[in-house]
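Visitor: Input: one structure, supplied below.
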Amino acid sequence: MINTMVSMGKTTIGLIGGGNMGTAILAGIGRTFAVRVCEADSKRAQVLKRRFRVAVMDITTVVRQSGIVILAVKPQSFEEVLAGVRPFVTKRHLIISIAAGITCRYIEKRLGHGIRVVRTMPNLPAQVGEGMTAVCAGKRATRADLQKARQIFNGIGQAVVVEEKWMDAVTAVSGSGPAYVFLFVECLQKAAVSLGLKKDLSEQLVTQTLKGGLALLEKSKEDAGVLRARVTSKGGTTQAAMDVFFKNKFEEIFERALQAAQKRAKELSLSI
Ligand SMILES: NC(=O)c1ccc[n+]([C@@H]2O[C@H](COP(=O)([O-])OP(=O)(O)OC[C@H]3O[C@@H](n4cnc5c(N)ncnc54)[C@H](OP(=O)(O)O)[C@@H]3O)[C@@H](O)[C@H]2O)c1
């Protein structure tokens, strides 16, 4: 019979919800951990079973057989999932939530106060192993719990530990951030087409320029402002473009957009 918490020396992780983010997590942790999955959509469950060769089970069995339980369902399904988990969760479990806006306190209240909870905020590039995840501890979570959570999310990109009070800001920056990147790409591509370039060519020019810019930023260890100055010779073409950006308060737009996202994250969190 399979050991309930550890099989073949690996910590067993129970994943509840195998949607967009759940699947990304599964892809990242499948080799390091033994994983049990609970997924409400039976077709999706079968796909996950075949693709990742994981055991798909009901919620009770997943919790009973796991040392760590990752809650990867939408915030609106949380109440129901926590009610399903509660009878089987013990102080030996570590509960990790990836739900936007659901606080550690909310989970602790529903699962009982002795339960160790870690809250995380991953982002969509986790689907290609390039996610950015912020991790924070609930009341009972230990340093080792945070380490474990970091290990899990390092499997799908990078993970950092923050205090929970920063989670709304993190949500505004890296949680929503991929959408800002896509908007930037869309705008650049449209502007390129407006100069008369073909759509395919515009896409290639923009995508590779973005990739190259980021690669240079990562390798050179200089900050973005220094690198920008290096491309911007006085009186040159880049300078002409920069003048338009700054005249139109490009920086302020970003500041206001992130403040709006942070405010909305806080509102959503309070409304749950
Ligand atoms: N997507 C992002 O970019 C992102 C970023 C950061 C954080 N998050 C957080 O990640 C969580 C999941 O988001 P997602 O985009 O992965 O959502 P999703 O694609 O809808 O995945 C959730 C999955 O859980 C299943 N499910 C619902 N209730 C269940 C239950 N009681 N037991 C087992 N499975 C159940 C759903 O099945 P049904 O479809 O049949 O209901 C669905 O397949 C959310 O809380 C979100 O806030 C997402």
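Naming works like this for the structure tokens: A, B, ... for the chains as they're shown, residue 1 at the start of each chain, ligands 1 onward in shown order.
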Report as an NGL selection string all protein, DNA and RNA residues lying within 10 Å of region 32-39 of chain A, evaluated on only C-alpha atoms, omitting residues in the same chain fewer than 2 positions from it.

Guide: :A and (5-19 or 22 or 26 or 28-30 or 41-46 or 48-49 or 52-63 or 65-66 or 68-73 or 151-152 or 155)

Visitor: Quick one: residues within 9 Å of Lys263 (chain A), only C-alpha atoms, excluding same-chain residues fewer than 4 positions away - as a list in words?

Guide: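 Counting only C-alpha atoms, the residues come to Asp168, Ala169, Ala172, Leu258, Gln259, Glu267 and Leu268 of chain A.
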
Visitor: Taking 4 positions as the minimum chain separation for residues in the same chain, which residues sit within 12 Å of Ala126 (chain A) when counting only C-alpha atoms? Answer as a list in words.

Guide: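 That gives Asn20, Met21, Gly22, Thr23, Ala24, Ile25, Leu26, Ala27, Gly28, Ile29, Met121, Pro122, Glu130, Gly131, Met132, Thr133, Ile152, Phe153, Asn154, Gly155, Ile156, Gly157, Gln158, Ala159, Ser174, Gly175 and Pro178 of chain A.
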
Visitor: Calculate how many Å separate atom 17 (O, counted along the ligand's line) of ligand 1 from CA of Tyr180 (chain A), rounding to one decimal.

Guide: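 Between these atoms lies a distance of 19.8 Å.
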
Visitor: I'd like to know which residues of region 57-248 of chain A are alpha helix (DSSP H) (by DSSP, run on the backbone); could you write them as JSON, numbers by chain?

Guide: {"A": [59, 60, 61, 62, 63, 64, 78, 79, 80, 81, 82, 83, 84, 85, 104, 105, 106, 107, 108, 109, 110, 111, 143, 144, 145, 146, 147, 148, 149, 150, 151, 152, 153, 154, 167, 168, 169, 170, 177, 178, 179, 180, 181, 182, 183, 184, 185, 186, 187, 188, 189, 190, 191, 192, 193, 194, 199, 200, 201, 202, 203, 204, 205, 206, 207, 208, 209, 210, 211, 212, 213, 214, 215, 216, 217, 218, 219, 220, 224, 225, 226, 227, 228, 229, 230, 231, 237, 238, 239, 240, 241, 242, 243, 244, 245, 246, 247]}

Visitor: Name all residues at most 12 Å from region 227-231 of chain A (count only C-alpha atoms; drop same-chain ones fewer than 6 positions away) and give them as a list in words.

Guide: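 Those residues are Gly213, Leu214, Ala215, Leu216, Leu217, Glu218, Lys219, Ser220, Lys221, Thr237, Thr238, Gln239, Ala240, Ala241 and Met242 of chain A.
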
Visitor: Could you take the residues named above and write them with all heavy atoms, as an mmCIF file, in the first residue's frame?

Guide:
data_model
loop_
_atom_site.group_PDB
_atom_site.id
_atom_site.type_symbol
_atom_site.label_atom_id
_atom_site.label_comp_id
_atom_site.auth_asym_id
_atom_site.auth_seq_id
_atom_site.Cartn_x
_atom_site.Cartn_y
_atom_site.Cartn_z
ATOM 1 N N GLY A 213 15.972 42.920 -25.441
ATOM 2 C CA GLY A 213 16.076 43.952 -24.411
ATOM 3 C C GLY A 213 16.119 43.343 -23.020
ATOM 4 O O GLY A 213 16.965 43.700 -22.185
ATOM 5 N N LEU A 214 15.240 42.377 -22.778
ATOM 6 C CA LEU A 214 15.201 41.729 -21.457
ATOM 7 C C LEU A 214 16.453 40.906 -21.204
ATOM 8 O O LEU A 214 16.993 40.894 -20.091
ATOM 9 C CB LEU A 214 13.963 40.839 -21.338
ATOM 10 C CG LEU A 214 12.662 41.570 -21.038
ATOM 11 C CD1 LEU A 214 11.510 40.591 -20.963
ATOM 12 C CD2 LEU A 214 12.761 42.349 -19.727
ATOM 13 N N ALA A 215 16.924 40.218 -22.247
ATOM 14 C CA ALA A 215 18.137 39.396 -22.095
ATOM 15 C C ALA A 215 19.325 40.294 -21.745
ATOM 16 O O ALA A 215 20.132 39.969 -20.871
ATOM 17 C CB ALA A 215 18.405 38.616 -23.381
ATOM 18 N N LEU A 216 19.415 41.432 -22.416
ATOM 19 C CA LEU A 216 20.507 42.367 -22.152
ATOM 20 C C LEU A 216 20.407 42.918 -20.733
ATOM 21 O O LEU A 216 21.399 42.981 -19.999
ATOM 22 C CB LEU A 216 20.466 43.513 -23.179
ATOM 23 C CG LEU A 216 21.589 44.537 -23.099
ATOM 24 C CD1 LEU A 216 22.940 43.877 -23.321
ATOM 25 C CD2 LEU A 216 21.379 45.649 -24.129
ATOM 26 N N LEU A 217 19.204 43.275 -20.338
ATOM 27 C CA LEU A 217 18.972 43.801 -18.992
ATOM 28 C C LEU A 217 19.418 42.781 -17.940
ATOM 29 O O LEU A 217 20.067 43.109 -16.951
ATOM 30 C CB LEU A 217 17.474 44.117 -18.829
ATOM 31 C CG LEU A 217 17.037 44.771 -17.528
ATOM 32 C CD1 LEU A 217 17.665 46.142 -17.364
ATOM 33 C CD2 LEU A 217 15.519 44.905 -17.480
ATOM 34 N N GLU A 218 19.090 41.517 -18.182
ATOM 35 C CA GLU A 218 19.419 40.462 -17.236
ATOM 36 C C GLU A 218 20.916 40.218 -17.167
ATOM 37 O O GLU A 218 21.479 40.049 -16.097
ATOM 38 C CB GLU A 218 18.696 39.173 -17.646
ATOM 39 C CG GLU A 218 18.137 38.459 -16.452
ATOM 40 C CD GLU A 218 17.314 37.255 -16.833
ATOM 41 O OE1 GLU A 218 17.142 36.980 -18.035
ATOM 42 O OE2 GLU A 218 16.847 36.581 -15.908
ATOM 43 N N LYS A 219 21.561 40.208 -18.328
ATOM 44 C CA LYS A 219 22.999 39.885 -18.390
ATOM 45 C C LYS A 219 23.885 41.042 -17.948
ATOM 46 O O LYS A 219 24.920 40.836 -17.332
ATOM 47 C CB LYS A 219 23.379 39.490 -19.820
ATOM 48 C CG LYS A 219 23.084 38.046 -20.126
ATOM 49 C CD LYS A 219 24.191 37.433 -20.961
ATOM 50 C CE LYS A 219 24.021 35.932 -21.071
ATOM 51 N NZ LYS A 219 23.615 35.526 -22.406
ATOM 52 N N SER A 220 23.507 42.270 -18.312
ATOM 53 C CA SER A 220 24.438 43.393 -18.132
ATOM 54 C C SER A 220 24.537 43.854 -16.681
ATOM 55 O O SER A 220 25.485 44.520 -16.309
ATOM 56 C CB SER A 220 24.028 44.571 -18.998
ATOM 57 O OG SER A 220 22.906 45.188 -18.425
ATOM 58 N N LYS A 221 23.532 43.508 -15.858
ATOM 59 C CA LYS A 221 23.503 43.909 -14.448
ATOM 60 C C LYS A 221 23.375 45.435 -14.268
ATOM 61 O O LYS A 221 23.486 45.956 -13.174
ATOM 62 C CB LYS A 221 24.747 43.430 -13.661
ATOM 63 C CG LYS A 221 25.010 41.942 -13.760
ATOM 64 C CD LYS A 221 24.334 41.174 -12.639
ATOM 65 C CE LYS A 221 24.710 39.725 -12.636
ATOM 66 N NZ LYS A 221 23.666 38.835 -13.099
ATOM 67 N N THR A 237 17.131 59.461 -33.070
ATOM 68 C CA THR A 237 15.763 58.950 -33.311
ATOM 69 C C THR A 237 15.086 58.514 -32.011
ATOM 70 O O THR A 237 13.903 58.794 -31.785
ATOM 71 C CB THR A 237 15.823 57.728 -34.255
ATOM 72 O OG1 THR A 237 16.688 56.743 -33.674
ATOM 73 C CG2 THR A 237 16.344 58.109 -35.625
ATOM 74 N N THR A 238 15.851 57.807 -31.146
ATOM 75 C CA THR A 238 15.258 57.333 -29.888
ATOM 76 C C THR A 238 14.845 58.517 -29.020
ATOM 77 O O THR A 238 13.787 58.501 -28.397
ATOM 78 C CB THR A 238 16.260 56.433 -29.125
ATOM 79 O OG1 THR A 238 16.847 55.517 -30.049
ATOM 80 C CG2 THR A 238 15.596 55.656 -28.022
ATOM 81 N N GLN A 239 15.726 59.534 -29.033
ATOM 82 C CA GLN A 239 15.418 60.748 -28.258
ATOM 83 C C GLN A 239 14.078 61.346 -28.720
ATOM 84 O O GLN A 239 13.254 61.769 -27.894
ATOM 85 C CB GLN A 239 16.552 61.772 -28.443
ATOM 86 C CG GLN A 239 16.328 63.084 -27.705
ATOM 87 C CD GLN A 239 16.522 62.929 -26.197
ATOM 88 O OE1 GLN A 239 17.619 62.622 -25.764
ATOM 89 N NE2 GLN A 239 15.464 63.120 -25.440
ATOM 90 N N ALA A 240 13.852 61.331 -30.026
ATOM 91 C CA ALA A 240 12.603 61.896 -30.570
ATOM 92 C C ALA A 240 11.396 61.122 -30.022
ATOM 93 O O ALA A 240 10.379 61.706 -29.640
ATOM 94 C CB ALA A 240 12.640 61.840 -32.097
ATOM 95 N N ALA A 241 11.544 59.785 -29.954
ATOM 96 C CA ALA A 241 10.447 58.962 -29.425
ATOM 97 C C ALA A 241 10.275 59.196 -27.919
ATOM 98 O O ALA A 241 9.151 59.350 -27.424
ATOM 99 C CB ALA A 241 10.728 57.489 -29.704
ATOM 100 N N MET A 242 11.414 59.252 -27.205
ATOM 101 C CA MET A 242 11.354 59.453 -25.741
ATOM 102 C C MET A 242 10.662 60.766 -25.389
ATOM 103 O O MET A 242 9.888 60.834 -24.438
ATOM 104 C CB MET A 242 12.767 59.452 -25.135
ATOM 105 C CG MET A 242 13.427 58.106 -25.122
ATOM 106 S SD MET A 242 12.488 56.934 -24.121
ATOM 107 C CE MET A 242 12.907 55.424 -24.941
#
